[in-house]
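All remarks here apply to the structure that follows.
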Amino acid sequence: MPLPHKSNYKPEKRDLKGYKALIITTSKATLDKIDPQSGEILKTGSATGLHASEMTEPYYLFKGAGMHVDVASIKGGKIPIEKLSLRPLVRTEYDSRYLKDEELRQKVEESLCIDDLNFLDYDLIFMSGGWGAAYDLAQSNVLSDKLSEAYASKKVLGSVCHGALGFIGAKKPDGSPLVEGVRMTGVTNRQLKQLMVKGTPKHPETELIREGADYVSEKRLFDMIANHVEVDRKHLIVSGQNQKGGIETAEKAMQLLIEQISDHG
């Protein structure tokens with residue numbers, strides 16, 4: 001049986017040479033207390049950031065399929081990584097690979113800024129999670145606008161765990177919320193409660209339901225050991241429930257891209 005934070009999902013080999021993927025992460029490094037009205041920081045909290053495997057697993061699967069992969073964050077520059085996610089008993093084989101990979105480590109140290117990117121240059125856009133994402137993915141107007149454009153251009157979009165918050169605020173061409181009527185998942189409110197992290201400003205389950213998504217998830221005694229990956233082929237969106245979903249979500253996003261290429265080509 002895999003550890004609660006790890007997946008035993010075995011991805012298939014894909015061939016996507018010549019295609020491009022963009023992984024987007026948080027830039028938020030601390031678990032701050034935020035004023036719900038003004039958005040101002042009331043108290044700086046403990047260190048946080050990206051949950052490592054939610055970036056490393058998609059990155060290496062995309063690379064393994066021959067894709068060109070860029071790594072970007074909300075503000076650009078050094079991506080904060082949750083230290084717990086890289087501890088020996090927690091990190092995945094992909095995290096261990098990252099720690100020895102000078103190329104990816106440099107991409108994390110000097111991540112691209114989403115402001116400077118044209119999302120239409122990519123075939124697949126994937127948003128990683130971690131506690132930091134609760135503070136800046138849904139709050140980024142730039143991300144909302146660029147995802148709206150990517151959706152309208154029929155790009156494959158993916159997210160895992162808190163990464164689903166990146167969809168909040170984005171719109172369909174008719175002006176309705178991008179996630180409205182989309183079958184999606186993201187980390188459950190129950191898992192957040194069980195992990196006892198309080199005060200983060202955005203919660204994926206709450207926000208997705210508020211914007212009209214058809215939210216689905218798997219329930220367990222402890223939701224941390226549950227996982228669910230949802231593929232909405234109509235809307236070209238793939239989402240993973242929590243930290244266990246990085247591999248499966250990335251692999252199914254690539255499969256969706258392959259299906260789209262086949263349909264148009």
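Each chain in the structure tokens gets a letter, A, B, ..., in the order shown, and its residues are numbered from 1; ligands are numbered from 1 in order too.
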
Show me a table, sorted first by chain and then by increasing residue number, of the residues of range 134-247 of chain A having an atom at most 8 Å from range 42-58 of chain A, each with its shortest atom pair and the distance in Å to one decimal, counting only C-alpha atoms and written as a Markdown table.
| residue | atom | partner | partner_atom | distance |
| --- | --- | --- | --- | --- |
| A:Val160 | CA | A:Glu54 | CA | 6.8 |
| A:Gln243 | CA | A:Glu54 | CA | 6.4 |
| A:Gly245 | CA | A:Glu54 | CA | 7.9 |
| A:Gly246 | CA | A:Glu54 | CA | 5.2 |
| A:Ile247 | CA | A:Glu57 | CA | 5.5 |

Using only C-alpha atoms, what does the table of range 17-71 of chain A residues within 12 Å of range 138-147 of chain A look like, with each row giving the shortest atom pair and its distance in Å to one decimal, sorted by chain and ascending number, as CSV?
residue,atom,partner,partner_atom,distance
A:Leu22,CA,A:Leu147,CA,11.7
A:Ile24,CA,A:Leu143,CA,9.4
A:Thr25,CA,A:Leu143,CA,10.9
A:Thr26,CA,A:Ala138,CA,10.4
A:Ser27,CA,A:Ser140,CA,11.1
A:Lys28,CA,A:Gln139,CA,11.6
A:Gly39,CA,A:Gln139,CA,9.7

Original post:
Which neighbours of range 257-265 of chain A fall inside 9 Å, counting only C-alpha atoms, when residues of the same chain fewer than 6 positions from it are skipped, and could you give them as an MDAnalysis selection string?
Top reply: chainID A and resid 14:16 123:124 155:156 236

Could you please take those selected residues and save N, CA and C atoms as a PDB file, in the first residue's frame?
ATOM      1  N   ARG A  14       3.827   7.946 -23.519  1.00  0.00           N
ATOM      2  CA  ARG A  14       3.207   8.816 -24.519  1.00  0.00           C
ATOM      3  C   ARG A  14       4.274   9.413 -25.427  1.00  0.00           C
ATOM      4  N   ASP A  15       3.885   9.765 -26.639  1.00  0.00           N
ATOM      5  CA  ASP A  15       4.802  10.415 -27.577  1.00  0.00           C
ATOM      6  C   ASP A  15       4.197  11.742 -28.010  1.00  0.00           C
ATOM      7  N   LEU A  16       4.746  12.835 -27.467  1.00  0.00           N
ATOM      8  CA  LEU A  16       4.253  14.174 -27.804  1.00  0.00           C
ATOM      9  C   LEU A  16       5.415  15.086 -28.190  1.00  0.00           C
ATOM     10  N   ASP A 123       0.451  23.876 -25.756  1.00  0.00           N
ATOM     11  CA  ASP A 123      -0.617  22.936 -26.082  1.00  0.00           C
ATOM     12  C   ASP A 123      -1.332  22.424 -24.842  1.00  0.00           C
ATOM     13  N   LEU A 124      -0.632  22.467 -23.714  1.00  0.00           N
ATOM     14  CA  LEU A 124      -1.164  21.943 -22.458  1.00  0.00           C
ATOM     15  C   LEU A 124      -0.707  22.864 -21.330  1.00  0.00           C
ATOM     16  N   LYS A 155      -7.227  24.886 -25.718  1.00  0.00           N
ATOM     17  CA  LYS A 155      -6.030  24.288 -25.151  1.00  0.00           C
ATOM     18  C   LYS A 155      -6.435  23.280 -24.077  1.00  0.00           C
ATOM     19  N   VAL A 156      -5.648  22.250 -23.882  1.00  0.00           N
ATOM     20  CA  VAL A 156      -5.894  21.303 -22.795  1.00  0.00           C
ATOM     21  C   VAL A 156      -5.427  21.942 -21.489  1.00  0.00           C
ATOM     22  N   LEU A 236     -12.175  19.968 -22.233  1.00  0.00           N
ATOM     23  CA  LEU A 236     -10.721  19.762 -22.308  1.00  0.00           C
ATOM     24  C   LEU A 236     -10.027  20.119 -20.994  1.00  0.00           C
TER      25      LEU A 236
END

**OP:** Among the residues of range 154-189 of chain A, find those DSSP assigns to strand (DSSP E or B) from the backbone and print them as a list in words.
**Re:** Val156, Leu157, Gly158, Ser159, Val160, Lys171, Pro177, Arg183 and Met184 of chain A

Subject >> Distance criterion (only C-alpha atoms): nearest to Leu256 in chain A out of A:Asp95, A:Ala134, A:Lys234, A:Leu221 >> reply: A:Lys234

Original post:
If you run DSSP on this backbone, which residues of range 23-232 of chain A come out as alpha helix (DSSP H), and could you give them as JSON, numbers by chain?
Top reply: {"A": [53, 54, 55, 56, 57, 58, 59, 60, 61, 62, 63, 64, 93, 94, 95, 96, 97, 98, 99, 102, 103, 104, 105, 106, 107, 108, 109, 133, 134, 135, 136, 141, 142, 143, 144, 145, 146, 147, 148, 149, 150, 151, 152, 189, 190, 191, 192, 193, 194, 195, 204, 205, 206, 207, 208, 209, 210]}

**OP:** Pick out the closest residue to Gly77 in chain A from this set: A:Ile237, A:Ala29, A:Cys113, A:Ala65. Count only C-alpha atoms.
**Re:**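 Result for the nearest residue to Gly77 in chain A: A:Cys113.
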